[in-house]
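Enquirer: Below is the structure I would like to discuss, written out as structure tokens.
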Amino acid sequence: MIKVMLMSKGSITREHILNIAFTIASETGLESLTIGVLAKACGMSKSGLFSHFNSKENLQVAVIEYAGECFIERVIVPVRRKQHTDVSTRLQSLLQHWLDWNHSFQGSCMFMDAWKESNSNQDILQQTLRKQLHTWISYLEIQISKGQQSGLFRQDLVPKQAVFQFYGLYLSSHLFHSLELENNERALFWQGVTQLYKQWQNTDTIN
């Protein structure tokens with residue numbers, strides 16, 4: 001349950017509103033987030049909240065952008081702080097934080113839940129989602145490329161294909177977990193990652 005927070009108008013900031021909106025969207029989905037629902041959760045009038053965002057679409061776009069910032073803080077920043085020199089360890093840590101990100105929601109990943117195939121350049125929400133997803137995919141591709149540069153992975157490995165395989169494991173793990181076919185330690189996911197590493201391994205470095 002989302003706890004209604006009553007605050008004076010002067011103390012309510014846009015960031016605080018987005019934090020509450022992010023919690024609502026995390027628990028019940030982005031589509032459930034409306035000006036009315038958020039106003040009630042913030043203890044504000046609809047007109048007062050409307051002045052911040054002007055429309056439901058603008059509100060949802062702002063929440064996706066805020067979620068992107070949260071994703072970086074929860075998934076990427078902790079790994080950067082540890083300054084892993086070993087590419088394999090850094091990748092393992094990134095994958096674990098990625099799984100933990102999903103665990104913070106009652107459903108599945110907010111980005112994937114909200115994504116709908118759309119070729120319309122006028123669909124601002126989907127374009128914002130596309131940007132967030134592309135940024136993460138590109139980041140993972142860079143990590144795979146670093147694995148190649150370090151000699152960990154084969155030179156003929158295609159980073160985009162490797163990330164595609166990671167995403168397949170990620171989505172499968174969450175589906176199986178929701179069906180109670182995958183445990184909380186995500187054993188099937190990590191077994192899959194281990195198998196991928198064996199396929200990608202640069203055999204030239206093995207004595």
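Scheme for the structure tokens: letters A, B, ... for chains in order shown; per-chain residue numbers from 1; ligand numbers from 1 in order shown.
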Give me the residues within 10 Å of region 32-40 of chain A as a PyMOL selection string, counting only C-alpha atoms and dropping any in the same chain fewer than 6 places off.
Expert: chain A and resi 4-6+17-18+20-26+46-50+53-57+59-60+63
Enquirer: Using DSSP on the backbone, list every residue of chain A that comes out as helix (DSSP H, G or I), and give them as a ChimeraX atom specification.
Expert: /A:9-11,14-28,30-32,35-42,46-53,56-82,87-103,110-114,124-149,159-178,187-200,203-205
Enquirer: Residues of region 176-199 of chain A that approach region 129-152 of chain A to 12 Å or less, counting only C-alpha atoms: could you list each one with the shortest pair of atoms and its distance in Å to one decimal, rows by chain and increasing residue number, as a Markdown table?
Expert:
| residue | atom | partner | partner_atom | distance |
| --- | --- | --- | --- | --- |
| A:Leu196 | CA | A:Ile144 | CA | 11.9 |
| A:Tyr197 | CA | A:Leu152 | CA | 9.1 |
| A:Lys198 | CA | A:Leu152 | CA | 10.4 |
| A:Gln199 | CA | A:Leu152 | CA | 11.3 |
Enquirer: Skipping near chain neighbours, those fewer than 3 positions away, what residues fall within 9 Å of region 90-99 of chain A using only C-alpha atoms, listed as a compact mmCIF listing (two decimals) with all heavy atoms, in the first residue's frame?
Expert:
# COMPACT_ATOMS: atom_id res chain seq x y z
N PHE A 71 17.91 4.09 -11.95
CA PHE A 71 18.57 2.90 -12.48
C PHE A 71 20.09 3.06 -12.45
O PHE A 71 20.82 2.16 -12.03
CB PHE A 71 18.10 2.64 -13.91
CG PHE A 71 18.66 1.39 -14.53
CD1 PHE A 71 18.00 0.18 -14.38
CD2 PHE A 71 19.83 1.42 -15.27
CE1 PHE A 71 18.51 -0.99 -14.94
CE2 PHE A 71 20.35 0.27 -15.83
CZ PHE A 71 19.69 -0.94 -15.67
N ARG A 74 21.31 2.84 -8.85
CA ARG A 74 21.18 1.53 -8.21
C ARG A 74 21.96 0.43 -8.90
O ARG A 74 22.35 -0.55 -8.26
CB ARG A 74 19.70 1.12 -8.15
CG ARG A 74 18.83 2.03 -7.29
CD ARG A 74 17.41 1.47 -7.24
NE ARG A 74 16.49 2.43 -6.62
CZ ARG A 74 15.20 2.18 -6.42
NH1 ARG A 74 14.68 1.02 -6.78
NH2 ARG A 74 14.41 3.09 -5.88
N VAL A 75 22.19 0.58 -10.20
CA VAL A 75 22.81 -0.51 -10.97
C VAL A 75 24.25 -0.19 -11.37
O VAL A 75 25.15 -1.01 -11.17
CB VAL A 75 21.97 -0.83 -12.22
CG1 VAL A 75 22.63 -1.94 -13.05
CG2 VAL A 75 20.56 -1.25 -11.82
N ILE A 76 24.47 0.99 -11.94
CA ILE A 76 25.78 1.30 -12.51
C ILE A 76 26.72 1.93 -11.49
O ILE A 76 27.89 1.51 -11.37
CB ILE A 76 25.62 2.23 -13.72
CG1 ILE A 76 24.83 1.50 -14.82
CG2 ILE A 76 26.98 2.69 -14.25
CD1 ILE A 76 24.53 2.33 -16.05
N PRO A 78 27.01 1.79 -8.12
CA PRO A 78 27.64 0.91 -7.12
C PRO A 78 28.80 0.09 -7.70
O PRO A 78 29.79 -0.15 -7.01
CB PRO A 78 26.49 -0.01 -6.69
CG PRO A 78 25.26 0.78 -6.96
CD PRO A 78 25.56 1.53 -8.22
N VAL A 79 28.67 -0.32 -8.96
CA VAL A 79 29.72 -1.11 -9.61
C VAL A 79 30.93 -0.22 -9.90
O VAL A 79 32.08 -0.63 -9.71
CB VAL A 79 29.20 -1.76 -10.90
CG1 VAL A 79 30.31 -2.56 -11.60
CG2 VAL A 79 28.02 -2.68 -10.58
N ARG A 80 30.67 0.99 -10.34
CA ARG A 80 31.78 1.92 -10.62
C ARG A 80 32.56 2.24 -9.35
O ARG A 80 33.78 2.36 -9.37
CB ARG A 80 31.22 3.22 -11.21
CG ARG A 80 30.81 3.10 -12.68
CD ARG A 80 30.25 4.40 -13.18
NE ARG A 80 29.97 4.37 -14.62
CZ ARG A 80 29.31 5.30 -15.27
NH1 ARG A 80 28.83 6.36 -14.61
NH2 ARG A 80 29.10 5.20 -16.58
N LYS A 82 33.15 0.36 -6.87
CA LYS A 82 34.02 -0.76 -6.47
C LYS A 82 35.27 -0.84 -7.32
O LYS A 82 36.24 -1.49 -6.94
CB LYS A 82 33.24 -2.07 -6.55
CG LYS A 82 32.12 -2.17 -5.51
CD LYS A 82 31.38 -3.50 -5.63
CE LYS A 82 30.27 -3.58 -4.59
NZ LYS A 82 29.48 -4.84 -4.71
N GLN A 83 35.24 -0.17 -8.49
CA GLN A 83 36.40 -0.09 -9.37
C GLN A 83 37.02 -1.46 -9.63
O GLN A 83 38.23 -1.66 -9.46
CB GLN A 83 37.44 0.87 -8.77
CG GLN A 83 36.93 2.29 -8.62
CD GLN A 83 37.97 3.25 -8.08
OE1 GLN A 83 38.83 2.86 -7.29
NE2 GLN A 83 37.90 4.50 -8.50
N HIS A 84 36.20 -2.40 -10.07
CA HIS A 84 36.70 -3.73 -10.39
C HIS A 84 37.70 -3.65 -11.55
O HIS A 84 37.41 -3.06 -12.59
CB HIS A 84 35.55 -4.64 -10.82
CG HIS A 84 34.51 -4.85 -9.75
ND1 HIS A 84 34.78 -5.54 -8.60
CD2 HIS A 84 33.20 -4.47 -9.69
CE1 HIS A 84 33.68 -5.58 -7.85
NE2 HIS A 84 32.71 -4.93 -8.48
N THR A 85 38.85 -4.24 -11.38
CA THR A 85 39.83 -4.27 -12.46
C THR A 85 39.60 -5.48 -13.36
O THR A 85 40.01 -5.49 -14.52
CB THR A 85 41.26 -4.33 -11.90
OG1 THR A 85 41.37 -5.48 -11.01
CG2 THR A 85 41.60 -3.08 -11.11
N ASP A 86 38.93 -6.50 -12.81
CA ASP A 86 38.63 -7.70 -13.58
C ASP A 86 37.28 -7.53 -14.29
O ASP A 86 36.26 -7.27 -13.64
CB ASP A 86 38.59 -8.92 -12.64
CG ASP A 86 38.21 -10.19 -13.37
OD1 ASP A 86 39.01 -10.64 -14.20
OD2 ASP A 86 37.10 -10.70 -13.11
N VAL A 87 37.27 -7.67 -15.62
CA VAL A 87 36.06 -7.46 -16.41
C VAL A 87 34.97 -8.46 -16.02
O VAL A 87 33.80 -8.11 -15.91
CB VAL A 87 36.37 -7.58 -17.91
CG1 VAL A 87 35.08 -7.47 -18.73
CG2 VAL A 87 37.34 -6.50 -18.34
N ASN A 102 15.16 -5.18 -10.57
CA ASN A 102 13.86 -5.76 -10.84
C ASN A 102 13.18 -6.21 -9.57
O ASN A 102 11.96 -6.12 -9.43
CB ASN A 102 13.99 -6.94 -11.82
CG ASN A 102 12.66 -7.33 -12.42
OD1 ASN A 102 11.84 -7.93 -11.74
ND2 ASN A 102 12.45 -7.01 -13.67
N HIS A 103 13.94 -6.68 -8.60
CA HIS A 103 13.38 -7.15 -7.33
C HIS A 103 12.71 -6.02 -6.56
O HIS A 103 11.90 -6.28 -5.67
CB HIS A 103 14.48 -7.75 -6.45
CG HIS A 103 14.96 -9.07 -6.94
ND1 HIS A 103 16.00 -9.76 -6.35
CD2 HIS A 103 14.56 -9.85 -7.97
CE1 HIS A 103 16.20 -10.89 -7.00
NE2 HIS A 103 15.36 -10.96 -7.99
N LEU A 140 26.03 -2.13 -21.76
CA LEU A 140 26.40 -3.54 -21.66
C LEU A 140 27.30 -3.94 -22.83
O LEU A 140 28.26 -4.72 -22.65
CB LEU A 140 25.16 -4.42 -21.64
CG LEU A 140 24.36 -4.46 -20.33
CD1 LEU A 140 23.09 -5.28 -20.51
CD2 LEU A 140 25.20 -5.02 -19.19
N GLN A 143 30.79 -3.04 -22.05
CA GLN A 143 31.41 -3.95 -21.09
C GLN A 143 31.88 -5.24 -21.78
O GLN A 143 32.95 -5.77 -21.47
CB GLN A 143 30.44 -4.30 -19.96
CG GLN A 143 29.87 -3.10 -19.21
CD GLN A 143 30.92 -2.08 -18.83
OE1 GLN A 143 31.93 -2.40 -18.20
NE2 GLN A 143 30.68 -0.83 -19.20
N ILE A 144 31.09 -5.73 -22.72
CA ILE A 144 31.49 -6.92 -23.48
C ILE A 144 32.74 -6.60 -24.31
O ILE A 144 33.68 -7.42 -24.39
CB ILE A 144 30.35 -7.39 -24.41
CG1 ILE A 144 29.11 -7.78 -23.60
CG2 ILE A 144 30.82 -8.55 -25.27
CD1 ILE A 144 29.30 -8.97 -22.69
N PHE A 166 22.16 -12.01 -22.94
CA PHE A 166 21.97 -11.59 -21.54
C PHE A 166 20.50 -11.23 -21.28
O PHE A 166 19.92 -11.63 -20.27
CB PHE A 166 22.83 -10.36 -21.22
CG PHE A 166 24.19 -10.69 -20.69
CD1 PHE A 166 25.25 -9.80 -20.86
CD2 PHE A 166 24.44 -11.87 -20.00
CE1 PHE A 166 26.51 -10.08 -20.36
CE2 PHE A 166 25.70 -12.16 -19.50
CZ PHE A 166 26.74 -11.26 -19.69
N TYR A 170 17.75 -12.71 -18.66
CA TYR A 170 17.13 -11.79 -17.71
C TYR A 170 15.61 -11.90 -17.74
O TYR A 170 14.95 -12.06 -16.70
CB TYR A 170 17.58 -10.37 -18.06
CG TYR A 170 16.96 -9.26 -17.25
CD1 TYR A 170 17.40 -8.97 -15.97
CD2 TYR A 170 15.95 -8.46 -17.80
CE1 TYR A 170 16.85 -7.92 -15.23
CE2 TYR A 170 15.40 -7.41 -17.07
CZ TYR A 170 15.86 -7.15 -15.80
OH TYR A 170 15.31 -6.12 -15.07
N HIS A 174 12.91 -13.75 -14.88
CA HIS A 174 11.79 -13.09 -14.21
C HIS A 174 10.47 -13.81 -14.49
O HIS A 174 9.61 -13.90 -13.61
CB HIS A 174 11.71 -11.62 -14.63
CG HIS A 174 12.84 -10.82 -14.08
ND1 HIS A 174 13.12 -10.76 -12.73
CD2 HIS A 174 13.78 -10.06 -14.67
CE1 HIS A 174 14.18 -10.00 -12.53
NE2 HIS A 174 14.60 -9.56 -13.70
N ARG A 186 18.12 -17.02 -8.07
CA ARG A 186 18.16 -16.99 -9.54
C ARG A 186 19.21 -17.98 -10.08
O ARG A 186 20.04 -17.63 -10.93
CB ARG A 186 18.44 -15.58 -10.04
CG ARG A 186 17.40 -14.55 -9.59
CD ARG A 186 15.99 -14.92 -10.04
NE ARG A 186 14.98 -14.04 -9.51
CZ ARG A 186 14.30 -13.16 -10.24
NH1 ARG A 186 14.50 -13.08 -11.52
NH2 ARG A 186 13.39 -12.40 -9.67
N VAL A 193 24.36 -17.73 -17.37
CA VAL A 193 25.48 -16.81 -17.53
C VAL A 193 26.79 -17.59 -17.62
O VAL A 193 27.65 -17.30 -18.46
CB VAL A 193 25.53 -15.81 -16.36
CG1 VAL A 193 26.84 -15.01 -16.39
CG2 VAL A 193 24.33 -14.86 -16.41
Enquirer: Just how far from CA of Glu27 (chain A) is CA of Leu188 (chain A), in Å to one decimal?
Expert: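 Computing the Euclidean distance for CA of Leu188 (chain A) and CA of Glu27 (chain A) yields 25.4 Å.
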Enquirer: Interatomic distance between CA of Thr128 (chain A) and CA of Phe111 (chain A)?
Expert: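 So the answer is 9.9 Å.
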Enquirer: Compare A:Thr28, A:Gln155, A:Asn19, A:Asn184 by their minimum atom-to-atom distance to Ala62 (chain A), counting only C-alpha atoms, and give me the closest one.
Expert: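 Of A:Thr28, A:Gln155, A:Asn19, A:Asn184, the one nearest Ala62 (chain A), counting only C-alpha atoms, is A:Asn19.
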